[in-house]
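Take a look at the structure set out below.
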Protein chains: 4
Amino acid sequence: MDDSVENKEELIKKVVRGEIALHEIDRLAEAGDAVEIRRKGIEKLEGVSLANIGSAKIDYSLIKGKNAENVIGMTSIPIGVAGPLKVNGAYFAGETYVPLSTTEGALIASISRGIKAINASGGSTVRVIKDGMTRGPVFQFDSIVDIEKFLEWLPKNFKKIKSAAEKTTNHGRLEDIQPLVTGTNVFLRFTYKTGDAMGMNMATVATEAGCNFIEEHFEGAKLIAVSGNVCSDKKQSLINSINGRGKTVVAEVVVKEDVLKNIFKTDADAVNNVNLRKNWAGSARAGSATQFNAHFANTIAAMFLATGQDVAQVVESSSGYTWTEARGRDLYIAVTLPALEIGTVGGGTGLPTQKEALSLMNVCGPGNPAGSNAMKLAEIIASVVLAGELNLLSALATRELGKAHQKLGRNKA
Amino acid sequence: MDDSVENKEELIKKVVRGEIALHEIDRLAEAGDAVEIRRKGIEKLEGVSLANIGSAKIDYSLIKGKNAENVIGMTSIPIGVAGPLKVNGAYFAGETYVPLSTTEGALIASISRGIKAINASGGSTVRVIKDGMTRGPVFQFDSIVDIEKFLEWLPKNFKKIKSAAEKTTNHGRLEDIQPLVTGTNVFLRFTYKTGDAMGMNMATVATEAGCNFIEEHFEGAKLIAVSGNVCSDKKQSLINSINGRGKTVVAEVVVKEDVLKNIFKTDADAVNNVNLRKNWAGSARAGSATQFNAHFANTIAAMFLATGQDVAQVVESSSGYTWTEARGRDLYIAVTLPALEIGTVGGGTGLPTQKEALSLMNVCGPGNPAGSNAMKLAEIIASVVLAGELNLLSALATRELGKAHQKLGRNKA
Amino acid sequence: MDDSVENKEELIKKVVRGEIALHEIDRLAEAGDAVEIRRKGIEKLEGVSLANIGSAKIDYSLIKGKNAENVIGMTSIPIGVAGPLKVNGAYFAGETYVPLSTTEGALIASISRGIKAINASGGSTVRVIKDGMTRGPVFQFDSIVDIEKFLEWLPKNFKKIKSAAEKTTNHGRLEDIQPLVTGTNVFLRFTYKTGDAMGMNMATVATEAGCNFIEEHFEGAKLIAVSGNVCSDKKQSLINSINGRGKTVVAEVVVKEDVLKNIFKTDADAVNNVNLRKNWAGSARAGSATQFNAHFANTIAAMFLATGQDVAQVVESSSGYTWTEARGRDLYIAVTLPALEIGTVGGGTGLPTQKEALSLMNVCGPGNPAGSNAMKLAEIIASVVLAGELNLLSALATRELGKAHQKLGRNKA
Amino acid sequence: MDDSVENKEELIKKVVRGEIALHEIDRLAEAGDAVEIRRKGIEKLEGVSLANIGSAKIDYSLIKGKNAENVIGMTSIPIGVAGPLKVNGAYFAGETYVPLSTTEGALIASISRGIKAINASGGSTVRVIKDGMTRGPVFQFDSIVDIEKFLEWLPKNFKKIKSAAEKTTNHGRLEDIQPLVTGTNVFLRFTYKTGDAMGMNMATVATEAGCNFIEEHFEGAKLIAVSGNVCSDKKQSLINSINGRGKTVVAEVVVKEDVLKNIFKTDADAVNNVNLRKNWAGSARAGSATQFNAHFANTIAAMFLATGQDVAQVVESSSGYTWTEARGRDLYIAVTLPALEIGTVGGGTGLPTQKEALSLMNVCGPGNPAGSNAMKLAEIIASVVLAGELNLLSALATRELGKAHQKLGRNKA
């Protein structure tokens, strides 16, 4: 065992014993060793294996016929950790490291600082207040006379359509069909409970069965497309924000005056002022109809990448609202995410490194009871989004953003 | 050399000689070998090295202090290729393979089929019609009386602000400042030419210098945040769609009747009907204000991931419009992307696998002349988006989507 | 009896016997006489009195304490008629003249031409597919923990809230309460059936009672405003377009090839082309999120003015979609109005001239059964909107708009 | 002269001497007399004639061939006055009564109370910060290749297009053409200075001439419609809010603590809290993309009706933002109207009662210098909108809205 190996082992022990902060390792070891020390320290701390994240060896048979075609290898994206973050959820209550994949310098450091402030304030309080995955086919009719009849027929036949749809799935449950009429077009927004899966595939297959039933039993209804864009998948839309898609989550924290001062060198009024002018007046002025926030998208993209979510769904998952209030000299801050679309089974969640990232938070695979892992993940992600907002707004309030860029290279909003 | 090795070499040669399609390799070799054969075939065909994509060994010193913090390793995402795609651009004219990273089964296969139809129609025709990266700070004033004076002062001092801003950058050029007033808030949307860089960082640093100049020279202007959300970065907004952000690109193709029939088993009227009802009536009905398209986000996310773009910018980069016209029995289809934010230098574009993906298209690093590589990349991405739209709309027109899902596992819209 | 009187009587008879078109009178008598001849002809034809429209003498005791304060007199706006229009509705089936108040030259003439084409095509087919007036208060809470409890409490206490709300009204029926959460704000969208009244006042008073019940029975719910802007009253909003407000109405007609040719000198493809490029691509490009139409607002403003509706509600009532399809060589055209807010009792509907305008269509005051007059009026207005769209799109298709302006003075879109 | 006449004369004198408030007259005389007393009092006070508002006798030759067709008489709408209001504008500085036509009880009383508070705070401060009327035709092209050439051709030929357009008008000046591309569609947003006219007709005729020039000189440009909905006329749109249409106006006032207390029984924090939760969070949540206000539409509709503006343009003219700040214990409140479309010549402004309403504010007909009357009117209307917002937000803050309804019959938001 040479000096370097000895030194690494020693540093890993220090990580485990909490004697050294994760970011300090970069000063104590060369780049590759620092990565290994952090990873191994966390493996020991959390009792998980992060072997694939460390080596990136791939068994391509896991991918073939499932996640991609014409594969020529793997794209590698750096993954870092922030935390541990204290989360007070209805499903997840406790502390967890959070994995973040990004190529944007300063993002993980920013979130880490936000987490520090949240933890110093007792952790985030978070609730999932709505849950449902949607698919919105479009039908063509001849006349409003037929459509009127169809609108009467639809609720009367809901149970039969539900039965037809649910035959295609073990976990999906059809809960609602919302009709929208425009000329000869009838859009039907099917909403499902989908357990631990994000559920888009499940919802599509089930909706197709539902549509087949409709076409067979209502003369004059002609399916044009199983997705008529009122889903709205991989699109921001008011229908998603108003009615919800995936999980609707709110995470909040009251940050004490001294925490604001010590960690951010700012105060509640200053942060509130930035939030109102930037996230409310600014987004309104820009016509940014579903994103009254500073940078939900950064945090969500980094967590989606790390955990195997569908990154194209960052589009609507990053919709939402950052709300602040000065409570005396303390700051109340909440993030509301109406359309957080995530799962812990299916899609990219079964890939080797992604699986490990989920395991790091103890939310890999199906939950017990079913659906609870996805709920936990939603609570964690919303809490990390909260950390990202808290930090960026505070940084702007003290005009530190520029300095952060120049030091760590990229900007966050 | 064992049989397997011999066989691999033989298959690589067949790939190079065009005797075998990329997707056929999966039937002829086990999963890992198939990946290697495809990769090596393409390396030879294109004269590039894709070694990192193959092995994913990382030199972490490349990342440290630049792309991420608290790094514990790498997230691996499958990367496949589609094409070669024929592009008739003002900057890129020729054929290229396109790299796509995704965890969504069927996406690469879908795009490949779209490319086949585009190629059979003579390739995509594509133009970048606008180019400019923006940053939109917000200032606070006391009264509309001061604001009125400021609005008069601003154009008179543009050159000085420009000079202050450009001192911070070698490549950035400030072209315009657009003011927006709301109560005591003045938002200023700075627009820059940023060469081959996506340019957000450059624009932020330069804008801060510009803001400093303003604060120093106009009494009563108080900077609240260097980003006031009218940028709009990592947010969809009408200001981005109306005024453009990054590259504004249009890619089009006229698909002949027989191509529609042979490749998609459909016709121009059917595709046009799906497009109108789904992408126009559906998006309008959903309140999806900037995305009148089927799945720009899927294609853009896959290309952004592969090439080291900022994946959080998929949000606004996926804004845009799919326009179809039946021209006799042929189909005209165009995609318009008002806010495609991409670069070939900076950010994640310098990471090992991402660099190789850019090299595969011959657009890695700074272009000659400066800016031309980013233009080429924009033309290519828009053309791939066109392929994705053409295929999905055609698949919906023939109601094949369900079958595709069931075979390849995930849905695309 | 002098010549002029004799002549007037003769012309009135000709109007009654259908020997002369309404617009021709302008050539045969001086301005004031022409107005009188038309009015008296229609009085006889329809068996109504239009005395106030003719004389504008006002009994101010009708207004005092009801419709306005600090009254100094009356504003006079010209009122004309178009039609008779053939309407095939579920509530109104038959022909009716329609009253239009406007100061915009060419508007009534345009609508008249549209009506001519609709009548030649068998009349408009129209259905009200949704009906409900809304009020959306906003409550403040301390924490998402309380909000979660409130969201559980709300449906369990719906009947009690409904009972409290309905105590304030004879006609209003509370049908639904939709919650929307943003940080510490909970918006509740109350939806009512309001009979023949537009119902905003009724809904407000009832909602206040409902809010009082909530505040008294759920600790921690604090009412901030009985209107929290999710109503959305006198505002365009996606929540109105998606969920409906007032009446959601669709009116349609298939215009035969020869009618298009004879009346408009155009054809189905040309009108369809204008509609797609202007009303869909154009509105999308402008960020006109709820108005994919040419000039609903013109028609609705003119009918609202004439019939005593709240003209500030033209704002959201003019939301909606114009859909066209070439059916062979015929043109299908439909208008969809998601938020047509009208009544035949209350507000300005009881004023003298407004009452007569309603009487002209036989929809003045409460219907039998209750609510049916408002339904009839909704069907008529939507049909007139259809006429306005059909004419303007056809005029644009033949590039006649310019000439119309130059002849009649004002433009329509 | 009977008692009643004597009494009327006496009361008129009291009005002139300021010994009696306008609303008190209702208690001292019967309804018709009260109206006459107020009107005559104001006539004397302001030195104007309001004869038509009093008698509503119409010379129909004024309307024929200009404002309406198939006229059968006049619709009468009550007109009341509020004020006098103190306005500190760049064009209008002084006090004025403001005429408001409405059928909604309580509106004029509400605005009157708002005006009282504004006057007690020194009057409104108001500025027009942008001015331009737009028309947005849509052209069809064959290919993006042609469009690219056209986008290069356009600025080079701007002067020629301007010259062609301006030949059609004495007052209109073409200032800018903004292109927007979507597939084969090119929308061109022409912006004009139009003097004292609202200018829509002028802009349409001039734009048609400009379009003719384009079609004649650029091969491949085919005009589809002179209005392609990017104008956006009689439609709310982000392009109007972002770039402005008609006048962009900001009116503000700082309301002292004691004024808030004495007039509204509220304080700055309470009003600010209502504004944030209702006008910002509520409008965002509803997807009300261009109306972050409480009831601009009410005030604007009432002033548009009274002064002969195009009431269909209430739609976009009611777009805008209400901004509040607690300044210590005082309240800063501002309204920002990006698209206030008004004129003092043309359209309905020449009708008898409308003309008198304009005269009451001394802004009837062409201004001196040209355009200054429209500027004055814009300043006054924005100030009245400010009064309406201030009053309603304050009423909500004290939960007085319900009582107001029950007393005066209709609600305002």
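Letters for chains follow the order of the structure tokens (A, B, ...), residue numbers begin at 1 for each chain, and ligand numbers begin at 1 in the order shown.
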
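All residues of protein, DNA or RNA that reach within 8 Å of region 209-215 of chain D, judged by only C-alpha atoms and not counting those fewer than 3 positions away in the chain, are Pro137, Ile161, Lys162, Ala164, Ala165, Thr168, Val205, Ala206, Phe218, Glu219, Gly220, Ala221, Lys222, Leu223 and Val226 of chain D.
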
For the residues in the current selection, export all heavy atoms as an mmCIF file, in the first residue's frame.
data_model
loop_
_atom_site.group_PDB
_atom_site.id
_atom_site.type_symbol
_atom_site.label_atom_id
_atom_site.label_comp_id
_atom_site.auth_asym_id
_atom_site.auth_seq_id
_atom_site.Cartn_x
_atom_site.Cartn_y
_atom_site.Cartn_z
ATOM 1 N N PRO D 137 -50.139 41.795 -41.294
ATOM 2 C CA PRO D 137 -50.534 40.885 -42.372
ATOM 3 C C PRO D 137 -49.745 39.578 -42.348
ATOM 4 O O PRO D 137 -48.668 39.510 -41.759
ATOM 5 C CB PRO D 137 -50.195 41.676 -43.642
ATOM 6 C CG PRO D 137 -49.145 42.642 -43.224
ATOM 7 C CD PRO D 137 -49.457 42.991 -41.797
ATOM 8 N N ILE D 161 -41.281 50.804 -48.826
ATOM 9 C CA ILE D 161 -42.565 50.308 -48.308
ATOM 10 C C ILE D 161 -43.239 51.422 -47.510
ATOM 11 O O ILE D 161 -44.435 51.671 -47.639
ATOM 12 C CB ILE D 161 -42.347 49.058 -47.428
ATOM 13 C CG1 ILE D 161 -41.696 47.937 -48.238
ATOM 14 C CG2 ILE D 161 -43.663 48.584 -46.818
ATOM 15 C CD1 ILE D 161 -41.173 46.774 -47.406
ATOM 16 N N LYS D 162 -42.436 52.094 -46.710
ATOM 17 C CA LYS D 162 -42.932 53.216 -45.904
ATOM 18 C C LYS D 162 -43.552 54.284 -46.800
ATOM 19 O O LYS D 162 -44.657 54.785 -46.526
ATOM 20 C CB LYS D 162 -41.759 53.802 -45.110
ATOM 21 C CG LYS D 162 -42.074 55.008 -44.235
ATOM 22 C CD LYS D 162 -40.788 55.451 -43.505
ATOM 23 C CE LYS D 162 -40.921 56.843 -42.895
ATOM 24 N NZ LYS D 162 -41.802 56.880 -41.722
ATOM 25 N N ALA D 164 -44.776 53.910 -49.810
ATOM 26 C CA ALA D 164 -46.027 53.408 -50.397
ATOM 27 C C ALA D 164 -47.153 53.465 -49.379
ATOM 28 O O ALA D 164 -48.280 53.871 -49.682
ATOM 29 C CB ALA D 164 -45.829 51.975 -50.896
ATOM 30 N N ALA D 165 -46.844 53.063 -48.152
ATOM 31 C CA ALA D 165 -47.878 53.024 -47.107
ATOM 32 C C ALA D 165 -48.356 54.431 -46.766
ATOM 33 O O ALA D 165 -49.563 54.687 -46.641
ATOM 34 C CB ALA D 165 -47.332 52.332 -45.858
ATOM 35 N N THR D 168 -51.130 56.755 -48.470
ATOM 36 C CA THR D 168 -52.574 56.591 -48.249
ATOM 37 C C THR D 168 -53.094 57.419 -47.079
ATOM 38 O O THR D 168 -54.291 57.391 -46.794
ATOM 39 C CB THR D 168 -52.892 55.118 -47.919
ATOM 40 O OG1 THR D 168 -52.262 54.796 -46.663
ATOM 41 C CG2 THR D 168 -52.375 54.175 -48.993
ATOM 42 N N VAL D 205 -55.401 50.547 -44.088
ATOM 43 C CA VAL D 205 -55.303 51.021 -45.469
ATOM 44 C C VAL D 205 -53.835 51.198 -45.866
ATOM 45 O O VAL D 205 -53.412 50.784 -46.952
ATOM 46 C CB VAL D 205 -56.108 52.331 -45.632
ATOM 47 C CG1 VAL D 205 -55.902 52.922 -47.014
ATOM 48 C CG2 VAL D 205 -57.596 52.068 -45.378
ATOM 49 N N ALA D 206 -53.050 51.758 -44.977
ATOM 50 C CA ALA D 206 -51.623 51.956 -45.277
ATOM 51 C C ALA D 206 -50.901 50.619 -45.419
ATOM 52 O O ALA D 206 -50.056 50.444 -46.308
ATOM 53 C CB ALA D 206 -50.981 52.799 -44.178
ATOM 54 N N PHE D 218 -41.348 41.711 -54.541
ATOM 55 C CA PHE D 218 -40.636 40.499 -54.108
ATOM 56 C C PHE D 218 -41.373 39.282 -54.624
ATOM 57 O O PHE D 218 -42.424 38.917 -54.122
ATOM 58 C CB PHE D 218 -40.498 40.431 -52.586
ATOM 59 C CG PHE D 218 -39.548 39.344 -52.171
ATOM 60 C CD1 PHE D 218 -38.194 39.609 -52.010
ATOM 61 C CD2 PHE D 218 -39.991 38.043 -52.012
ATOM 62 C CE1 PHE D 218 -37.310 38.595 -51.683
ATOM 63 C CE2 PHE D 218 -39.107 37.023 -51.685
ATOM 64 C CZ PHE D 218 -37.756 37.307 -51.511
ATOM 65 N N GLU D 219 -40.770 38.670 -55.599
ATOM 66 C CA GLU D 219 -41.421 37.510 -56.202
ATOM 67 C C GLU D 219 -41.491 36.372 -55.195
ATOM 68 O O GLU D 219 -40.503 36.034 -54.556
ATOM 69 C CB GLU D 219 -40.645 37.068 -57.448
ATOM 70 C CG GLU D 219 -41.341 35.942 -58.150
ATOM 71 C CD GLU D 219 -41.038 35.916 -59.644
ATOM 72 O OE1 GLU D 219 -40.492 36.910 -60.158
ATOM 73 O OE2 GLU D 219 -41.343 34.893 -60.270
ATOM 74 N N GLY D 220 -42.665 35.794 -55.091
ATOM 75 C CA GLY D 220 -42.817 34.658 -54.184
ATOM 76 C C GLY D 220 -43.515 35.011 -52.897
ATOM 77 O O GLY D 220 -43.866 34.138 -52.106
ATOM 78 N N ALA D 221 -43.733 36.322 -52.658
ATOM 79 C CA ALA D 221 -44.488 36.739 -51.471
ATOM 80 C C ALA D 221 -45.951 36.872 -51.853
ATOM 81 O O ALA D 221 -46.291 37.670 -52.729
ATOM 82 C CB ALA D 221 -43.969 38.079 -50.954
ATOM 83 N N LYS D 222 -46.793 36.079 -51.217
ATOM 84 C CA LYS D 222 -48.225 36.118 -51.548
ATOM 85 C C LYS D 222 -49.012 36.512 -50.297
ATOM 86 O O LYS D 222 -48.991 35.795 -49.298
ATOM 87 C CB LYS D 222 -48.653 34.729 -52.032
ATOM 88 C CG LYS D 222 -50.080 34.701 -52.563
ATOM 89 C CD LYS D 222 -50.539 33.277 -52.861
ATOM 90 C CE LYS D 222 -52.074 33.257 -53.007
ATOM 91 N NZ LYS D 222 -52.591 31.885 -52.946
ATOM 92 N N LEU D 223 -49.698 37.642 -50.394
ATOM 93 C CA LEU D 223 -50.488 38.097 -49.250
ATOM 94 C C LEU D 223 -51.691 37.177 -49.040
ATOM 95 O O LEU D 223 -52.462 36.941 -49.964
ATOM 96 C CB LEU D 223 -50.980 39.531 -49.482
ATOM 97 C CG LEU D 223 -51.809 40.120 -48.325
ATOM 98 C CD1 LEU D 223 -50.948 40.337 -47.091
ATOM 99 C CD2 LEU D 223 -52.482 41.429 -48.742
ATOM 100 N N VAL D 226 -54.584 40.740 -44.781
ATOM 101 C CA VAL D 226 -53.978 41.976 -44.296
ATOM 102 C C VAL D 226 -53.918 41.973 -42.768
ATOM 103 O O VAL D 226 -53.094 42.653 -42.164
ATOM 104 C CB VAL D 226 -54.708 43.211 -44.854
ATOM 105 C CG1 VAL D 226 -56.100 43.347 -44.241
ATOM 106 C CG2 VAL D 226 -53.903 44.478 -44.585
#

Which polymer residues have any atom within 6 Å of an atom of region 381-392 of chain A, counting only C-alpha atoms, with same-chain residues fewer than 3 positions away left out, as a PyMOL selection string? chain A and resi 111+114-115+251+296+299+335+378+395

Those same residues, written as a PDB file, in the first residue's frame with N, CA and C atoms?
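Heads up, here's the output in result_28.pdb:
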ATOM      1  N   ILE A 111     -26.848  24.372  -4.709  1.00  0.00           N
ATOM      2  CA  ILE A 111     -27.886  23.575  -4.050  1.00  0.00           C
ATOM      3  C   ILE A 111     -27.406  23.153  -2.661  1.00  0.00           C
ATOM      4  N   GLY A 114     -28.060  25.913  -0.315  1.00  0.00           N
ATOM      5  CA  GLY A 114     -29.481  25.978  -0.018  1.00  0.00           C
ATOM      6  C   GLY A 114     -29.894  24.903   0.985  1.00  0.00           C
ATOM      7  N   ILE A 115     -29.341  23.706   0.806  1.00  0.00           N
ATOM      8  CA  ILE A 115     -29.646  22.600   1.724  1.00  0.00           C
ATOM      9  C   ILE A 115     -29.165  22.924   3.130  1.00  0.00           C
ATOM     10  N   ALA A 251     -43.274  22.210  -1.395  1.00  0.00           N
ATOM     11  CA  ALA A 251     -42.242  22.102  -0.352  1.00  0.00           C
ATOM     12  C   ALA A 251     -41.989  23.491   0.206  1.00  0.00           C
ATOM     13  N   PHE A 296     -36.146  26.233 -11.373  1.00  0.00           N
ATOM     14  CA  PHE A 296     -36.607  24.851 -11.167  1.00  0.00           C
ATOM     15  C   PHE A 296     -35.926  23.910 -12.166  1.00  0.00           C
ATOM     16  N   THR A 299     -32.441  22.303 -11.307  1.00  0.00           N
ATOM     17  CA  THR A 299     -32.447  21.262 -10.282  1.00  0.00           C
ATOM     18  C   THR A 299     -33.116  20.000 -10.796  1.00  0.00           C
ATOM     19  N   VAL A 335     -42.029  26.219  -2.743  1.00  0.00           N
ATOM     20  CA  VAL A 335     -42.088  25.937  -4.181  1.00  0.00           C
ATOM     21  C   VAL A 335     -43.301  25.033  -4.429  1.00  0.00           C
ATOM     22  N   ALA A 378     -40.701  12.192  -5.157  1.00  0.00           N
ATOM     23  CA  ALA A 378     -41.319  13.504  -5.433  1.00  0.00           C
ATOM     24  C   ALA A 378     -41.052  14.466  -4.280  1.00  0.00           C
ATOM     25  N   ALA A 395     -28.653  34.614  -3.305  1.00  0.00           N
ATOM     26  CA  ALA A 395     -27.428  35.055  -3.984  1.00  0.00           C
ATOM     27  C   ALA A 395     -27.699  36.322  -4.780  1.00  0.00           C
TER      28      ALA A 395
END

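With CA of Ser317 (chain B) on one side and CA of Pro84 (chain B) on the other, the separation reads 23.4 Å.
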
Residue list for chain C near chain B as a VMD selection string, 10 Å, only C-alpha atoms: chain C and resid 237 to 239 241 to 242 273 276 to 277 280 to 281 283 to 292 320 to 323 325

Long-range neighbours of Gly246 (chain A) as a list in words, 6 Å cut-off, only C-alpha atoms, 3 positions minimum in chain: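 Answer for this query is Asp131, Gly132, Met133, Ala339, Leu340 and Glu341 of chain A.
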
Based on the selection just made, write all heavy atoms of those residues as an mmCIF file, in the first residue's frame.
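Final output, saved to part_27.cif:
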data_model
loop_
_atom_site.group_PDB
_atom_site.id
_atom_site.type_symbol
_atom_site.label_atom_id
_atom_site.label_comp_id
_atom_site.auth_asym_id
_atom_site.auth_seq_id
_atom_site.Cartn_x
_atom_site.Cartn_y
_atom_site.Cartn_z
ATOM 1 N N ASP A 131 -52.028 13.520 -7.632
ATOM 2 C CA ASP A 131 -51.217 12.497 -8.295
ATOM 3 C C ASP A 131 -52.014 11.912 -9.439
ATOM 4 O O ASP A 131 -53.112 11.378 -9.231
ATOM 5 C CB ASP A 131 -50.861 11.411 -7.264
ATOM 6 C CG ASP A 131 -50.037 10.285 -7.882
ATOM 7 O OD1 ASP A 131 -49.382 10.518 -8.906
ATOM 8 O OD2 ASP A 131 -50.052 9.182 -7.319
ATOM 9 N N GLY A 132 -51.501 12.007 -10.650
ATOM 10 C CA GLY A 132 -52.225 11.425 -11.771
ATOM 11 C C GLY A 132 -51.500 11.647 -13.087
ATOM 12 O O GLY A 132 -51.098 12.771 -13.389
ATOM 13 N N MET A 133 -51.315 10.554 -13.843
ATOM 14 C CA MET A 133 -50.665 10.676 -15.155
ATOM 15 C C MET A 133 -51.758 10.707 -16.221
ATOM 16 O O MET A 133 -52.772 10.039 -16.087
ATOM 17 C CB MET A 133 -49.730 9.487 -15.373
ATOM 18 C CG MET A 133 -48.999 9.472 -16.705
ATOM 19 S SD MET A 133 -48.257 11.045 -17.262
ATOM 20 C CE MET A 133 -47.136 11.408 -15.908
ATOM 21 N N ALA A 339 -46.632 19.714 -11.869
ATOM 22 C CA ALA A 339 -46.541 18.638 -12.862
ATOM 23 C C ALA A 339 -45.188 17.925 -12.796
ATOM 24 O O ALA A 339 -44.465 17.857 -13.782
ATOM 25 C CB ALA A 339 -46.801 19.201 -14.256
ATOM 26 N N LEU A 340 -44.867 17.400 -11.624
ATOM 27 C CA LEU A 340 -43.596 16.692 -11.475
ATOM 28 C C LEU A 340 -43.794 15.229 -11.875
ATOM 29 O O LEU A 340 -44.461 14.472 -11.184
ATOM 30 C CB LEU A 340 -43.125 16.795 -10.022
ATOM 31 C CG LEU A 340 -41.767 16.167 -9.703
ATOM 32 C CD1 LEU A 340 -40.653 16.834 -10.488
ATOM 33 C CD2 LEU A 340 -41.480 16.238 -8.209
ATOM 34 N N GLU A 341 -43.182 14.864 -12.994
ATOM 35 C CA GLU A 341 -43.442 13.557 -13.589
ATOM 36 C C GLU A 341 -42.258 12.634 -13.340
ATOM 37 O O GLU A 341 -41.237 12.729 -14.029
ATOM 38 C CB GLU A 341 -43.697 13.741 -15.087
ATOM 39 C CG GLU A 341 -44.911 14.632 -15.320
ATOM 40 C CD GLU A 341 -45.007 15.191 -16.719
ATOM 41 O OE1 GLU A 341 -44.153 14.825 -17.549
ATOM 42 O OE2 GLU A 341 -45.916 15.971 -16.980
#

Just list the residues in region 236-394 of chain A DSSP gives strand (DSSP E) on the backbone, as JSON, numbers by chain. {"A": [246, 247, 248, 249, 250, 251, 252, 253, 254, 255, 291, 292, 320, 321, 322, 323, 324, 325, 326, 327, 330, 331, 332, 333, 334, 335, 336, 337, 338, 339, 340]}

Give me a file of those residues, with C-alpha atoms, as a short mmCIF file (atom, residue, chain, number, x, y, z; two decimals), in the first residue's frame.
data_model
loop_
_atom_site.label_atom_id
_atom_site.label_comp_id
_atom_site.auth_asym_id
_atom_site.auth_seq_id
_atom_site.Cartn_x
_atom_site.Cartn_y
_atom_site.Cartn_z
CA GLY A 246 -47.74 13.44 -12.38
CA LYS A 247 -47.28 14.66 -8.82
CA THR A 248 -48.41 18.09 -7.64
CA VAL A 249 -46.02 18.91 -4.80
CA VAL A 250 -45.45 21.81 -2.41
CA ALA A 251 -42.24 22.10 -0.35
CA GLU A 252 -41.72 24.89 2.15
CA VAL A 253 -39.41 26.13 4.87
CA VAL A 254 -39.26 29.07 7.25
CA VAL A 255 -35.70 30.37 7.28
CA GLN A 291 -42.87 29.18 -14.77
CA PHE A 292 -42.99 31.75 -12.03
CA GLY A 320 -44.24 26.02 -11.02
CA TYR A 321 -44.30 28.87 -8.56
CA THR A 322 -41.88 30.21 -5.96
CA TRP A 323 -43.71 32.00 -3.17
CA THR A 324 -42.01 34.03 -0.46
CA GLU A 325 -43.30 35.93 2.54
CA ALA A 326 -41.46 37.93 5.13
CA ARG A 327 -42.72 36.59 8.46
CA ASP A 330 -37.85 35.35 9.02
CA LEU A 331 -38.41 34.23 5.46
CA TYR A 332 -41.13 31.81 4.43
CA ILE A 333 -40.40 30.25 1.05
CA ALA A 334 -42.38 27.59 -0.80
CA VAL A 335 -42.09 25.94 -4.18
CA THR A 336 -45.22 24.57 -5.87
CA LEU A 337 -44.66 22.04 -8.65
CA PRO A 338 -47.93 21.19 -10.41
CA ALA A 339 -46.54 18.64 -12.86
CA LEU A 340 -43.60 16.69 -11.48
#

For the atom pair CA of Thr134 (chain C) and CA of Arg113 (chain D), what is the interatomic distance in Å to one decimal place? 27.2 Å

In Å, with one decimal, what is the gap from CA of Ile25 (chain B) to CA of Asn7 (chain B)? 11.4 Å

Please report, as a PyMOL selection string, each residue of region 202-412 of chain B to which DSSP assigns helix (DSSP H, G or I) when run on this structure's backbone. chain B and resi 202-217+238-243+257-264+268-286+296-307+311-317+347-350+352-360+372-397+401-408

Taking into account only C-alpha atoms, which residue in the set C:Thr307, C:Thr102, C:Ser394, C:Thr204 is nearest to Leu360 (chain C)?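 Closest to Leu360 (chain C) of all the choices is C:Thr307.
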